[in-house]
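Okay, protein.txt now, which holds compact mmCIF, C-alpha atoms (C1' of nucleotides):
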# COMPACT_ATOMS: atom_id res chain seq x y z
CA MET K 1 -38.75 -2.13 -13.84
CA ALA K 2 -37.24 0.68 -11.88
CA THR K 3 -36.56 3.45 -14.36
CA PHE K 4 -33.95 5.83 -13.12
CA MET K 5 -33.60 9.21 -14.76
CA GLY K 6 -32.15 12.61 -14.19
CA MET K 7 -28.73 14.05 -13.51
CA PHE K 8 -27.41 15.19 -10.15
CA ASP K 9 -24.25 16.85 -8.88
CA TYR K 10 -23.23 15.17 -5.63
CA SER K 11 -20.09 14.69 -3.65
CA ILE K 12 -18.20 11.78 -2.18
CA ASP K 13 -16.95 12.14 1.34
CA SER K 14 -13.60 11.14 2.78
CA LYS K 15 -14.90 7.66 3.56
CA GLY K 16 -15.97 6.98 0.00
CA ARG K 17 -19.66 7.35 0.72
CA ILE K 18 -22.20 8.73 -1.71
CA SER K 19 -25.84 9.57 -1.17
CA ILE K 20 -28.38 7.99 -3.47
CA PRO K 21 -30.63 10.82 -4.62
CA GLN K 22 -34.08 10.71 -3.11
CA LYS K 23 -35.63 10.92 -6.59
CA MET K 24 -33.97 7.61 -7.36
CA ARG K 25 -34.59 5.95 -4.03
CA LYS K 26 -38.30 6.44 -4.32
CA ASN K 27 -38.65 4.13 -7.30
CA ILE K 28 -36.63 1.28 -5.92
CA LYS K 29 -38.67 -1.81 -5.20
CA PRO K 30 -38.91 -3.13 -1.65
CA GLU K 31 -37.56 -6.50 -2.82
CA ALA K 32 -34.25 -4.77 -3.50
CA LYS K 33 -34.00 -4.65 0.30
CA GLU K 34 -32.04 -1.40 0.42
CA THR K 35 -29.21 -3.24 -1.26
CA PHE K 36 -27.30 -2.30 -4.39
CA VAL K 37 -24.58 -3.86 -6.44
CA ALA K 38 -21.88 -1.44 -7.50
CA THR K 39 -19.66 -2.47 -10.38
CA ARG K 40 -17.57 -1.18 -13.20
CA GLY K 41 -19.68 0.41 -15.86
CA PHE K 42 -19.04 0.43 -19.54
CA GLU K 43 -16.92 3.41 -20.43
CA LYS K 44 -15.26 5.22 -17.54
CA CYS K 45 -17.95 5.17 -14.87
CA ILE K 46 -19.39 3.20 -11.97
CA ALA K 47 -22.68 1.35 -12.47
CA ILE K 48 -25.07 0.76 -9.58
CA TYR K 49 -27.94 -1.72 -9.78
CA PRO K 50 -30.67 -2.29 -7.22
CA LEU K 51 -30.46 -5.87 -6.01
CA ASP K 52 -33.52 -7.07 -7.90
CA GLU K 53 -32.16 -5.77 -11.19
CA TRP K 54 -28.78 -7.30 -10.49
CA GLU K 55 -30.30 -10.71 -10.00
CA ASN K 56 -31.40 -10.68 -13.62
CA ILE K 57 -27.78 -10.22 -14.58
CA GLU K 58 -26.71 -13.05 -12.30
CA LYS K 59 -29.19 -15.33 -14.01
CA LYS K 60 -27.53 -14.61 -17.32
CA LEU K 61 -24.12 -15.20 -15.80
CA SER K 62 -25.11 -18.55 -14.36
CA SER K 63 -25.66 -19.90 -17.86
CA LEU K 64 -21.96 -19.57 -18.59
CA ASN K 65 -19.74 -22.64 -18.55
CA SER K 66 -16.64 -22.17 -16.45
CA PHE K 67 -14.87 -24.99 -18.24
CA LYS K 68 -14.74 -22.73 -21.32
CA GLU K 69 -11.87 -20.29 -21.48
CA LYS K 70 -13.74 -17.30 -22.82
CA ASP K 71 -16.55 -17.71 -20.34
CA ARG K 72 -14.05 -17.80 -17.53
CA LEU K 73 -12.43 -14.60 -18.73
CA PHE K 74 -15.74 -12.84 -18.74
CA GLN K 75 -16.79 -14.18 -15.35
CA ARG K 76 -13.56 -12.92 -13.87
CA THR K 77 -13.42 -9.50 -15.44
CA PHE K 78 -17.09 -8.87 -14.86
CA LEU K 79 -17.48 -10.08 -11.30
CA MET K 80 -14.20 -8.83 -9.89
CA TRP K 81 -15.44 -5.26 -9.90
CA ALA K 82 -18.79 -5.99 -8.29
CA SER K 83 -19.78 -5.70 -4.65
CA HIS K 84 -22.93 -5.55 -2.57
CA GLN K 85 -23.58 -2.31 -0.75
CA GLU K 86 -26.37 -1.52 1.69
CA LEU K 87 -27.85 1.87 2.36
CA ASP K 88 -26.80 3.26 5.71
CA SER K 89 -29.14 5.20 7.96
CA GLN K 90 -28.44 8.32 5.91
CA SER K 91 -29.30 6.63 2.60
CA ARG K 92 -25.71 6.40 1.44
CA ILE K 93 -23.63 3.58 0.09
CA THR K 94 -19.88 3.18 0.23
CA LEU K 95 -18.10 2.84 -3.08
CA PRO K 96 -14.93 0.69 -3.07
CA LYS K 97 -11.69 2.53 -3.73
CA THR K 98 -10.95 0.29 -6.70
CA LEU K 99 -14.05 1.56 -8.48
CA LEU K 100 -13.42 5.20 -7.59
CA ASP K 101 -9.93 4.87 -9.00
CA TYR K 102 -11.16 3.18 -12.14
CA ALA K 103 -13.66 5.96 -12.78
CA GLY K 104 -11.13 8.67 -11.90
CA ILE K 105 -13.38 10.05 -9.19
CA LYS K 106 -11.91 12.43 -6.64
CA SER K 107 -14.66 14.11 -4.63
CA GLU K 108 -17.23 15.60 -6.97
CA VAL K 109 -19.44 13.32 -9.03
CA LYS K 110 -22.19 13.40 -11.58
CA ILE K 111 -24.95 10.87 -10.91
CA ILE K 112 -27.17 10.00 -13.83
CA GLY K 113 -30.17 7.74 -14.09
CA VAL K 114 -30.01 5.32 -17.01
CA GLY K 115 -33.09 3.16 -16.89
CA GLU K 116 -32.40 0.06 -14.85
CA ARG K 117 -29.12 1.36 -13.43
CA ILE K 118 -27.53 4.40 -11.87
CA GLU K 119 -24.22 5.66 -13.19
CA VAL K 120 -21.64 7.67 -11.30
CA TRP K 121 -19.13 9.70 -13.28
CA ASP K 122 -16.29 12.04 -12.65
CA PRO K 123 -17.69 15.34 -13.98
CA GLU K 124 -14.76 15.99 -16.29
CA ALA K 125 -14.73 12.44 -17.60
CA PHE K 126 -18.41 12.74 -18.37
CA ASP K 127 -17.98 15.97 -20.32
CA LYS K 128 -15.11 14.42 -22.18
CA TYR K 129 -17.20 11.38 -23.05
CA LEU K 130 -20.03 13.50 -24.40
CA ASN K 131 -17.68 15.72 -26.39
CA SER K 132 -15.82 12.75 -27.84
CA GLN K 133 -18.89 11.62 -29.72
CA SER K 134 -18.67 12.64 -33.33
CA GLU K 135 -22.38 12.55 -33.90
CA GLY K 136 -24.91 14.80 -32.28
CA TYR K 137 -27.92 13.98 -30.17
CA GLU K 138 -30.40 14.04 -33.03
CA ALA K 139 -28.30 11.87 -35.31
CA ILE K 140 -27.82 9.16 -32.71
CA ALA K 141 -31.49 9.19 -31.81
CA GLU K 142 -32.34 8.52 -35.40
CA GLN K 143 -29.93 5.61 -35.64
CA VAL K 144 -30.80 3.93 -32.40
CA MET K 145 -34.50 4.51 -32.31
CA GLY K 146 -34.79 3.90 -36.00
CA LEU K 147 -38.18 4.19 -37.49
CA GLY K 148 -39.57 6.22 -34.66
CA ILE K 149 -40.81 5.62 -31.19
CA MET Z 1 -26.16 -20.31 -5.72
CA ALA Z 2 -23.49 -18.60 -3.74
CA THR Z 3 -22.26 -15.85 -6.00
CA PHE Z 4 -18.86 -14.68 -5.03
CA MET Z 5 -17.70 -11.39 -6.39
CA GLY Z 6 -15.26 -8.61 -5.75
CA MET Z 7 -11.50 -8.28 -5.71
CA PHE Z 8 -9.36 -8.11 -2.60
CA ASP Z 9 -5.68 -7.62 -1.86
CA TYR Z 10 -4.72 -9.96 0.95
CA SER Z 11 -1.60 -11.60 2.22
CA ILE Z 12 -0.51 -15.08 3.04
CA ASP Z 13 1.35 -15.53 6.28
CA SER Z 14 4.41 -17.63 6.95
CA LYS Z 15 2.26 -20.65 7.71
CA GLY Z 16 0.47 -20.54 4.37
CA ARG Z 17 -2.78 -19.26 5.83
CA ILE Z 18 -5.12 -16.91 4.06
CA SER Z 19 -8.19 -15.13 5.35
CA ILE Z 20 -11.43 -15.60 3.48
CA PRO Z 21 -12.87 -12.11 3.04
CA GLN Z 22 -15.92 -11.42 5.15
CA LYS Z 23 -17.86 -10.33 2.05
CA MET Z 24 -17.41 -13.84 0.72
CA ARG Z 25 -17.98 -15.66 3.96
CA LYS Z 26 -21.35 -14.08 4.42
CA ASN Z 27 -22.84 -15.74 1.37
CA ILE Z 28 -21.65 -19.21 2.12
CA LYS Z 29 -24.44 -21.60 2.93
CA PRO Z 30 -24.51 -23.27 6.35
CA GLU Z 31 -24.47 -26.69 4.68
CA ALA Z 32 -20.95 -25.92 3.50
CA LYS Z 33 -20.08 -26.36 7.19
CA GLU Z 34 -17.14 -23.96 7.16
CA THR Z 35 -15.38 -26.33 4.82
CA PHE Z 36 -13.79 -25.58 1.48
CA VAL Z 37 -12.07 -27.53 -1.22
CA ALA Z 38 -8.94 -25.90 -2.56
CA THR Z 39 -7.65 -27.09 -5.89
CA ARG Z 40 -5.71 -26.06 -8.91
CA GLY Z 41 -7.63 -23.48 -10.92
CA PHE Z 42 -7.67 -23.01 -14.63
CA GLU Z 43 -4.94 -20.65 -15.68
CA LYS Z 44 -2.32 -19.92 -13.06
CA CYS Z 45 -4.40 -19.64 -9.92
CA ILE Z 46 -5.86 -21.52 -6.97
CA ALA Z 47 -9.59 -22.25 -6.96
CA ILE Z 48 -11.54 -22.55 -3.72
CA TYR Z 49 -15.05 -23.98 -3.55
CA PRO Z 50 -17.37 -24.11 -0.57
CA LEU Z 51 -18.17 -27.73 0.17
CA ASP Z 52 -21.71 -27.62 -1.20
CA GLU Z 53 -20.56 -26.21 -4.53
CA TRP Z 54 -17.77 -28.74 -4.73
CA GLU Z 55 -20.28 -31.54 -4.45
CA ASN Z 56 -21.85 -30.38 -7.69
CA ILE Z 57 -18.50 -30.70 -9.35
CA GLU Z 58 -18.02 -34.17 -7.91
CA LYS Z 59 -21.34 -35.13 -9.44
CA LYS Z 60 -20.12 -33.98 -12.83
CA LEU Z 61 -16.90 -35.90 -12.38
CA SER Z 62 -18.74 -39.06 -11.45
CA SER Z 63 -20.51 -38.96 -14.77
CA LEU Z 64 -17.19 -39.49 -16.50
CA ASN Z 65 -16.35 -42.95 -17.72
CA SER Z 66 -13.18 -44.29 -16.14
CA PHE Z 67 -12.91 -46.91 -18.84
CA LYS Z 68 -12.00 -44.11 -21.23
CA GLU Z 69 -8.40 -42.97 -21.16
CA LYS Z 70 -9.13 -39.29 -21.58
CA ASP Z 71 -11.67 -39.32 -18.78
CA ARG Z 72 -9.20 -41.03 -16.49
CA LEU Z 73 -6.54 -38.46 -17.27
CA PHE Z 74 -8.90 -35.65 -16.42
CA GLN Z 75 -10.09 -37.26 -13.21
CA ARG Z 76 -6.52 -37.72 -12.06
CA THR Z 77 -5.17 -34.29 -12.92
CA PHE Z 78 -8.23 -32.58 -11.59
CA LEU Z 79 -8.45 -34.41 -8.28
CA MET Z 80 -4.79 -34.75 -7.43
CA TRP Z 81 -4.59 -31.08 -6.49
CA ALA Z 82 -7.72 -30.99 -4.39
CA SER Z 83 -7.91 -31.00 -0.60
CA HIS Z 84 -10.43 -30.18 2.10
CA GLN Z 85 -9.73 -27.17 4.29
CA GLU Z 86 -11.65 -25.92 7.30
CA LEU Z 87 -11.87 -22.37 8.54
CA ASP Z 88 -9.91 -21.79 11.73
CA SER Z 89 -11.16 -19.54 14.52
CA GLN Z 90 -9.87 -16.49 12.65
CA SER Z 91 -11.73 -17.41 9.44
CA ARG Z 92 -8.60 -18.53 7.61
CA ILE Z 93 -7.75 -21.63 5.65
CA THR Z 94 -4.34 -23.11 5.03
CA LEU Z 95 -3.32 -23.51 1.42
CA PRO Z 96 -1.03 -26.45 0.60
CA LYS Z 97 2.44 -25.51 -0.57
CA THR Z 98 1.99 -27.44 -3.78
CA LEU Z 99 -0.83 -25.13 -4.78
CA LEU Z 100 1.02 -22.00 -3.73
CA ASP Z 101 3.96 -23.08 -5.83
CA TYR Z 102 1.77 -23.87 -8.79
CA ALA Z 103 0.19 -20.42 -8.67
CA GLY Z 104 3.55 -18.71 -8.11
CA ILE Z 105 2.34 -17.14 -4.89
CA LYS Z 106 4.88 -15.64 -2.53
CA SER Z 107 3.16 -13.56 0.14
CA GLU Z 108 0.82 -11.08 -1.51
CA VAL Z 109 -2.29 -12.34 -3.25
CA LYS Z 110 -5.27 -11.11 -5.18
CA ILE Z 111 -8.51 -12.84 -4.19
CA ILE Z 112 -11.34 -12.59 -6.68
CA GLY Z 113 -14.90 -13.84 -6.51
CA VAL Z 114 -15.94 -15.71 -9.63
CA GLY Z 115 -19.50 -16.86 -9.12
CA GLU Z 116 -19.49 -20.28 -7.55
CA ARG Z 117 -15.81 -20.22 -6.64
CA ILE Z 118 -13.09 -18.06 -5.14
CA GLU Z 119 -9.81 -17.65 -6.97
CA VAL Z 120 -6.44 -16.76 -5.45
CA TRP Z 121 -3.82 -15.26 -7.72
CA ASP Z 122 -0.33 -13.93 -7.50
CA PRO Z 123 -0.89 -10.21 -8.24
CA GLU Z 124 1.64 -10.08 -11.04
CA ALA Z 125 0.36 -13.26 -12.62
CA PHE Z 126 -3.14 -11.83 -12.57
CA ASP Z 127 -2.09 -8.60 -14.27
CA LYS Z 128 -0.25 -10.63 -16.84
CA TYR Z 129 -3.32 -12.75 -17.47
CA LEU Z 130 -5.54 -9.71 -17.96
CA ASN Z 131 -3.03 -7.94 -20.18
CA SER Z 132 -2.57 -11.01 -22.34
CA GLN Z 133 -6.17 -10.74 -23.48
CA SER Z 134 -6.43 -9.17 -26.88
CA GLU Z 135 -9.95 -7.88 -26.40
CA GLY Z 136 -11.20 -5.24 -24.00
CA TYR Z 137 -13.88 -5.41 -21.37
CA GLU Z 138 -16.67 -3.99 -23.49
CA ALA Z 139 -15.89 -6.22 -26.46
CA ILE Z 140 -15.89 -9.40 -24.43
CA ALA Z 141 -19.12 -8.47 -22.70
CA GLU Z 142 -20.78 -7.99 -26.04
CA GLN Z 143 -19.59 -11.36 -27.28
CA VAL Z 144 -20.34 -13.45 -24.25
CA MET Z 145 -23.51 -11.82 -23.07
CA GLY Z 146 -24.82 -11.28 -26.55
CA LEU Z 147 -27.01 -8.28 -27.00
CA GLY Z 148 -25.71 -6.52 -23.94
CA ILE Z 149 -26.42 -6.64 -20.31
C1' DG E 1 -43.50 34.09 2.95
C1' DG E 2 -42.48 31.80 7.14
C1' DT E 3 -41.92 27.56 9.37
C1' DA E 4 -41.31 22.62 9.60
C1' DA E 5 -39.59 18.63 7.48
C1' DT E 6 -36.11 16.32 5.12
C1' DA E 7 -32.18 15.68 1.92
C1' DG E 8 -27.32 15.93 1.63
C1' DT E 9 -22.88 16.23 4.13
C1' DG E 10 -19.46 15.49 7.79
C1' DG E 11 -17.29 13.23 11.51
C1' DG E 12 -16.57 10.46 16.26
C1' DT E 13 -16.53 6.02 18.44
C1' DA E 14 -17.22 1.18 19.11
C1' DA E 15 -17.03 -3.17 16.79
C1' DT E 16 -14.63 -6.30 13.90
C1' DA E 17 -11.91 -7.86 9.98
C1' DG E 18 -7.27 -8.91 8.71
C1' DT E 19 -2.69 -10.08 10.28
C1' DG E 20 1.03 -12.05 13.10
C1' DG E 21 2.94 -15.14 16.19
C1' DG E 22 3.48 -18.46 20.51
C1' DT E 23 2.67 -22.91 22.40
C1' DA E 24 0.69 -27.45 22.62
C1' DA E 25 -0.74 -31.49 20.11
C1' DT E 26 0.09 -34.47 16.31
C1' DT E 27 2.41 -36.69 12.72
C1' DG E 28 5.87 -39.19 10.77
C1' DT E 29 10.64 -40.50 10.67
C1' DG E 30 15.26 -42.25 12.08
C1' DC G 1 10.92 -44.98 21.30
C1' DA G 2 12.74 -40.39 20.89
C1' DC G 3 13.13 -36.75 18.03
C1' DA G 4 12.17 -33.23 14.50
C1' DA G 5 8.79 -31.10 11.79
C1' DT G 6 4.40 -29.93 10.92
C1' DT G 7 -0.22 -28.78 12.19
C1' DA G 8 -3.91 -27.13 15.26
C1' DC G 9 -5.38 -23.97 18.70
C1' DC G 10 -5.06 -19.87 21.08
C1' DC G 11 -4.03 -14.95 22.11
C1' DA G 12 -2.91 -10.20 20.68
C1' DC G 13 -2.42 -6.02 17.83
C1' DT G 14 -3.93 -2.63 14.21
C1' DA G 15 -6.52 -0.65 10.50
C1' DT G 16 -10.78 -0.54 8.60
C1' DT G 17 -15.64 -0.57 8.76
C1' DA G 18 -20.24 -0.04 10.78
C1' DC G 19 -23.10 2.63 13.52
C1' DC G 20 -24.50 6.65 15.47
C1' DC G 21 -25.17 11.70 16.11
C1' DA G 22 -25.00 16.45 14.39
C1' DC G 23 -25.15 20.31 11.21
C1' DT G 24 -26.74 22.96 7.02
C1' DA G 25 -29.27 23.88 2.92
C1' DT G 26 -32.97 22.84 0.33
C1' DT G 27 -37.73 21.52 -0.26
C1' DA G 28 -42.50 21.01 1.12
C1' DC G 29 -46.41 22.83 3.36
C1' DC G 30 -49.57 25.91 5.55
Structure encoded using structure tokens:
Amino acid sequence: MATFMGMFDYSIDSKGRISIPQKMRKNIKPEAKETFVATRGFEKCIAIYPLDEWENIEKKLSSLNSFKEKDRLFQRTFLMWASHQELDSQSRITLPKTLLDYAGIKSEVKIIGVGERIEVWDPEAFDKYLNSQSEGYEAIAEQVMGLGI
Amino acid sequence: MATFMGMFDYSIDSKGRISIPQKMRKNIKPEAKETFVATRGFEKCIAIYPLDEWENIEKKLSSLNSFKEKDRLFQRTFLMWASHQELDSQSRITLPKTLLDYAGIKSEVKIIGVGERIEVWDPEAFDKYLNSQSEGYEAIAEQVMGLGI
DNA sequence: GGTAATAGTGGGTAATAGTGGGTAATTGTG
DNA sequence: CACAATTACCCACTATTACCCACTATTACC
């Protein structure tokens, strides 16, 4: 599994392009073929998966039954935000305007590595998200990681 | 499996033609032979399947028992809306007026990729559909995909 | 510490995707 | 059989995208 980590301040140019940090590029598998899937993330951000990771998600999706109403709703709302993007010769991808609008991104972004995916946030939105949490870092760690690591 | 995704704002011209977005065309298999089947979708939209995907649906339909009344009803209502459409030299297909009327489409449309099919919506109808859902994106994801993605 | 390599950023130009419409062929109708 | 109406086929325009080149600041290396 590609494990992305770290936090980077980058910028988006007038054509909607964003560089993928070299520290993240170097642990992308060759089978991802320089291709990513950009989609709406949970909370107000953009999520970017290398192709090989995305295919795991597609496998899960293919088990849904499109003759069921709730499955259809999820297929639609989940897939409508997604799009394939290939690295250009400068190691950038283009993010669709719909996603930039959703995430409230203007020109500066915060890129963070979150395990199997990369997230792109508007800097202010990210601060706001962190500050909106009532519980601190240590408290959440204890809840989520439970009995220890 | 051809996995269509993404959301596009397109228009229908005075002859009822609609372009198939290039991002969707490029993951259509050659055995689909530039042919699609357009039919009535679930909810207020038009569903478009590449020929090879449609054949899977036909297989499912053929497993129905036409000696049962309910099966007959479904066969009829499902198939009566369907028609083959081939791409023209500009990568467009013509949508029958019956379908456009059903979906309430005037001239602007929202095209969304939903896995094995492409859906065409009237923009307002699509917003209405999304807004009519009581649960948000994150909540539905958790329900349908279980423990998270 | 100085120099070379490279990561991140910006922008110009050619290709092409999306859109619109004209004319010929086809269909079906009176 | 002639006509109207629809459909198929072709050509043309425009906005977007893909591809390429260029610059600067940081990082790696000797």
For chain Z, list the residues within 8 Å of chain K, counting only C-alpha atoms, and write the list as a list in words.
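Here they are: Phe4, Met5, Gly6, Met7, Ile112, Gly113, Val114, Gly115, Tyr137, Glu138, Ile140, Ala141, Val144, Met145 and Ile149 of chain Z.
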Write out as a PDB file with C-alpha atoms (C1' of nucleotides), keeping the file's coordinate frame which residues come within 8 Å of segment 5-16 of chain E when counting all atoms listed in the file, dropping same-chain ones fewer than 5 positions away.
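Generated file (around_21.pdb):
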ATOM      1  CA  ASP K  13     -16.950  12.140   1.340  1.00  0.00           C
ATOM      2  CA  SER K  19     -25.840   9.570  -1.170  1.00  0.00           C
ATOM      3  CA  GLN K  22     -34.080  10.710  -3.110  1.00  0.00           C
TER       4      GLN K  22
ATOM      5  C1'  DT G  17     -15.640  -0.570   8.760  1.00  0.00           C
ATOM      6  C1'  DA G  18     -20.240  -0.040  10.780  1.00  0.00           C
ATOM      7  C1'  DT G  26     -32.970  22.840   0.330  1.00  0.00           C
ATOM      8  C1'  DT G  27     -37.730  21.520  -0.260  1.00  0.00           C
ATOM      9  C1'  DA G  28     -42.500  21.010   1.120  1.00  0.00           C
TER      10       DA G  28
END
Moved coordinates, chain Z onto chain K, all Cα atoms, as a compact mmCIF listing (two decimals) with C-alpha atoms, keeping the file's coordinate frame:
# COMPACT_ATOMS: atom_id res chain seq x y z
CA MET Z 1 -38.67 -2.42 -14.17
CA ALA Z 2 -37.14 0.31 -12.13
CA THR Z 3 -36.32 3.01 -14.62
CA PHE Z 4 -33.73 5.35 -13.32
CA MET Z 5 -33.33 8.64 -15.06
CA GLY Z 6 -32.04 12.13 -14.55
CA MET Z 7 -28.66 13.69 -13.93
CA PHE Z 8 -27.41 14.94 -10.59
CA ASP Z 9 -24.31 16.70 -9.34
CA TYR Z 10 -23.34 15.18 -6.02
CA SER Z 11 -20.24 14.84 -3.95
CA ILE Z 12 -18.37 12.04 -2.32
CA ASP Z 13 -17.22 12.64 1.22
CA SER Z 14 -13.90 11.77 2.78
CA LYS Z 15 -15.16 8.32 3.72
CA GLY Z 16 -16.12 7.42 0.16
CA ARG Z 17 -19.84 7.72 0.78
CA ILE Z 18 -22.32 8.93 -1.77
CA SER Z 19 -25.99 9.74 -1.38
CA ILE Z 20 -28.44 8.00 -3.65
CA PRO Z 21 -30.73 10.73 -4.98
CA GLN Z 22 -34.23 10.63 -3.59
CA LYS Z 23 -35.67 10.62 -7.12
CA MET Z 24 -33.91 7.32 -7.67
CA ARG Z 25 -34.61 5.83 -4.29
CA LYS Z 26 -38.31 6.25 -4.72
CA ASN Z 27 -38.53 3.83 -7.61
CA ILE Z 28 -36.55 1.07 -6.03
CA LYS Z 29 -38.61 -1.99 -5.27
CA PRO Z 30 -38.93 -3.15 -1.66
CA GLU Z 31 -37.50 -6.54 -2.63
CA ALA Z 32 -34.20 -4.80 -3.31
CA LYS Z 33 -34.08 -4.47 0.49
CA GLU Z 34 -32.06 -1.26 0.51
CA THR Z 35 -29.20 -3.18 -1.01
CA PHE Z 36 -27.21 -2.37 -4.11
CA VAL Z 37 -24.43 -3.96 -6.06
CA ALA Z 38 -21.72 -1.56 -7.13
CA THR Z 39 -19.43 -2.66 -9.91
CA ARG Z 40 -17.26 -1.43 -12.70
CA GLY Z 41 -19.37 0.10 -15.45
CA PHE Z 42 -18.73 0.07 -19.14
CA GLU Z 43 -16.67 3.05 -20.13
CA LYS Z 44 -15.03 4.92 -17.29
CA CYS Z 45 -17.74 4.89 -14.66
CA ILE Z 46 -19.19 3.01 -11.70
CA ALA Z 47 -22.44 1.09 -12.19
CA ILE Z 48 -24.87 0.57 -9.33
CA TYR Z 49 -27.74 -1.91 -9.49
CA PRO Z 50 -30.52 -2.43 -6.98
CA LEU Z 51 -30.34 -5.99 -5.72
CA ASP Z 52 -33.36 -7.23 -7.67
CA GLU Z 53 -31.97 -5.94 -10.96
CA TRP Z 54 -28.58 -7.41 -10.20
CA GLU Z 55 -30.14 -10.82 -9.83
CA ASN Z 56 -31.22 -10.66 -13.45
CA ILE Z 57 -27.65 -10.06 -14.43
CA GLU Z 58 -26.49 -12.96 -12.30
CA LYS Z 59 -28.94 -15.15 -14.16
CA LYS Z 60 -27.40 -14.09 -17.45
CA LEU Z 61 -23.94 -14.77 -16.11
CA SER Z 62 -24.91 -18.22 -14.93
CA SER Z 63 -25.85 -19.12 -18.46
CA LEU Z 64 -22.22 -18.73 -19.47
CA ASN Z 65 -20.14 -21.84 -19.85
CA SER Z 66 -17.15 -21.85 -17.53
CA PHE Z 67 -15.52 -24.55 -19.61
CA LYS Z 68 -14.98 -21.92 -22.29
CA GLU Z 69 -11.99 -19.66 -21.82
CA LYS Z 70 -13.68 -16.51 -23.04
CA ASP Z 71 -16.65 -17.03 -20.76
CA ARG Z 72 -14.35 -17.53 -17.81
CA LEU Z 73 -12.48 -14.34 -18.59
CA PHE Z 74 -15.69 -12.39 -18.70
CA GLN Z 75 -17.03 -13.89 -15.49
CA ARG Z 76 -13.83 -13.00 -13.69
CA THR Z 77 -13.41 -9.45 -14.93
CA PHE Z 78 -17.06 -8.69 -14.49
CA LEU Z 79 -17.45 -10.07 -10.98
CA MET Z 80 -14.14 -9.07 -9.47
CA TRP Z 81 -15.26 -5.46 -9.22
CA ALA Z 82 -18.66 -6.15 -7.74
CA SER Z 83 -19.67 -5.75 -4.10
CA HIS Z 84 -22.85 -5.48 -2.08
CA GLN Z 85 -23.59 -2.16 -0.40
CA GLU Z 86 -26.41 -1.26 1.95
CA LEU Z 87 -27.95 2.14 2.44
CA ASP Z 88 -27.01 3.73 5.75
CA SER Z 89 -29.46 5.77 7.81
CA GLN Z 90 -28.76 8.82 5.65
CA SER Z 91 -29.50 6.94 2.40
CA ARG Z 92 -25.86 6.70 1.37
CA ILE Z 93 -23.71 3.84 0.21
CA THR Z 94 -19.96 3.51 0.47
CA LEU Z 95 -18.10 3.02 -2.78
CA PRO Z 96 -14.91 0.93 -2.63
CA LYS Z 97 -11.71 2.81 -3.34
CA THR Z 98 -10.84 0.46 -6.16
CA LEU Z 99 -13.93 1.57 -8.04
CA LEU Z 100 -13.38 5.24 -7.30
CA ASP Z 101 -9.86 4.94 -8.63
CA TYR Z 102 -11.00 3.11 -11.72
CA ALA Z 103 -13.53 5.83 -12.52
CA GLY Z 104 -11.04 8.61 -11.73
CA ILE Z 105 -13.35 10.08 -9.11
CA LYS Z 106 -11.96 12.61 -6.68
CA SER Z 107 -14.77 14.32 -4.78
CA GLU Z 108 -17.32 15.66 -7.24
CA VAL Z 109 -19.44 13.24 -9.22
CA LYS Z 110 -22.15 13.16 -11.82
CA ILE Z 111 -24.86 10.60 -11.09
CA ILE Z 112 -27.01 9.59 -14.03
CA GLY Z 113 -29.98 7.26 -14.24
CA VAL Z 114 -29.69 4.78 -17.08
CA GLY Z 115 -32.77 2.59 -16.98
CA GLU Z 116 -32.08 -0.41 -14.81
CA ARG Z 117 -28.89 0.97 -13.32
CA ILE Z 118 -27.34 4.08 -11.81
CA GLU Z 119 -24.01 5.32 -13.10
CA VAL Z 120 -21.49 7.46 -11.22
CA TRP Z 121 -19.00 9.45 -13.25
CA ASP Z 122 -16.21 11.87 -12.70
CA PRO Z 123 -17.67 15.08 -14.21
CA GLU Z 124 -14.74 15.69 -16.51
CA ALA Z 125 -14.63 12.09 -17.66
CA PHE Z 126 -18.32 12.28 -18.47
CA ASP Z 127 -17.93 15.44 -20.55
CA LYS Z 128 -15.05 13.83 -22.34
CA TYR Z 129 -17.13 10.75 -23.07
CA LEU Z 130 -19.99 12.80 -24.50
CA ASN Z 131 -17.69 15.02 -26.55
CA SER Z 132 -15.87 12.03 -27.98
CA GLN Z 133 -19.04 10.95 -29.75
CA SER Z 134 -19.00 11.91 -33.38
CA GLU Z 135 -22.76 12.01 -33.76
CA GLY Z 136 -25.24 14.37 -32.14
CA TYR Z 137 -28.26 13.65 -30.02
CA GLU Z 138 -30.80 13.79 -32.82
CA ALA Z 139 -28.75 11.59 -35.14
CA ILE Z 140 -28.25 8.87 -32.58
CA ALA Z 141 -31.91 8.89 -31.63
CA GLU Z 142 -32.86 8.37 -35.23
CA GLN Z 143 -30.47 5.46 -35.59
CA VAL Z 144 -31.21 3.63 -32.40
CA MET Z 145 -34.90 4.25 -32.10
CA GLY Z 146 -35.51 3.90 -35.79
CA LEU Z 147 -38.34 5.92 -37.17
CA GLY Z 148 -38.34 8.38 -34.32
CA ILE Z 149 -39.76 8.48 -30.90
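Interatomic distance, atom CA of Lys97 of chain Z against atom C1' of DT6 of chain G: 12.5 Å.
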Just the number, please: distance in Å from atom CA of Asp127 of chain Z to atom CA of Glu108 of chain Z, one decimal.
13.3 Å
With the cut-off set at 12 Å and counting all atoms listed in the file, tabulate each residue of chain K with an atom at most that distance from an atom of chain E, showing the nearest atom pair and its distance in Å to one decimal, ordered by chain and increasing number, as a Markdown table.
| residue | atom | partner | partner_atom | distance |
| --- | --- | --- | --- | --- |
| K:Phe8 | CA | E:DG8 | C1' | 11.8 |
| K:Asp9 | CA | E:DG8 | C1' | 11.0 |
| K:Tyr10 | CA | E:DG8 | C1' | 8.4 |
| K:Ser11 | CA | E:DT9 | C1' | 8.4 |
| K:Ile12 | CA | E:DT9 | C1' | 9.0 |
| K:Asp13 | CA | E:DG10 | C1' | 7.7 |
| K:Ser14 | CA | E:DG10 | C1' | 8.9 |
| K:Lys15 | CA | E:DG11 | C1' | 10.0 |
| K:Arg17 | CA | E:DT9 | C1' | 10.0 |
| K:Ile18 | CA | E:DG8 | C1' | 9.4 |
| K:Ser19 | CA | E:DG8 | C1' | 7.1 |
| K:Ile20 | CA | E:DG8 | C1' | 9.5 |
| K:Pro21 | CA | E:DA7 | C1' | 8.3 |
| K:Gln22 | CA | E:DA7 | C1' | 7.3 |
| K:Lys23 | CA | E:DA7 | C1' | 10.3 |
| K:Arg25 | CA | E:DA7 | C1' | 11.7 |
| K:Gln90 | CA | E:DG8 | C1' | 8.8 |
| K:Ser91 | CA | E:DA7 | C1' | 9.5 |
| K:Arg92 | CA | E:DG8 | C1' | 9.7 |
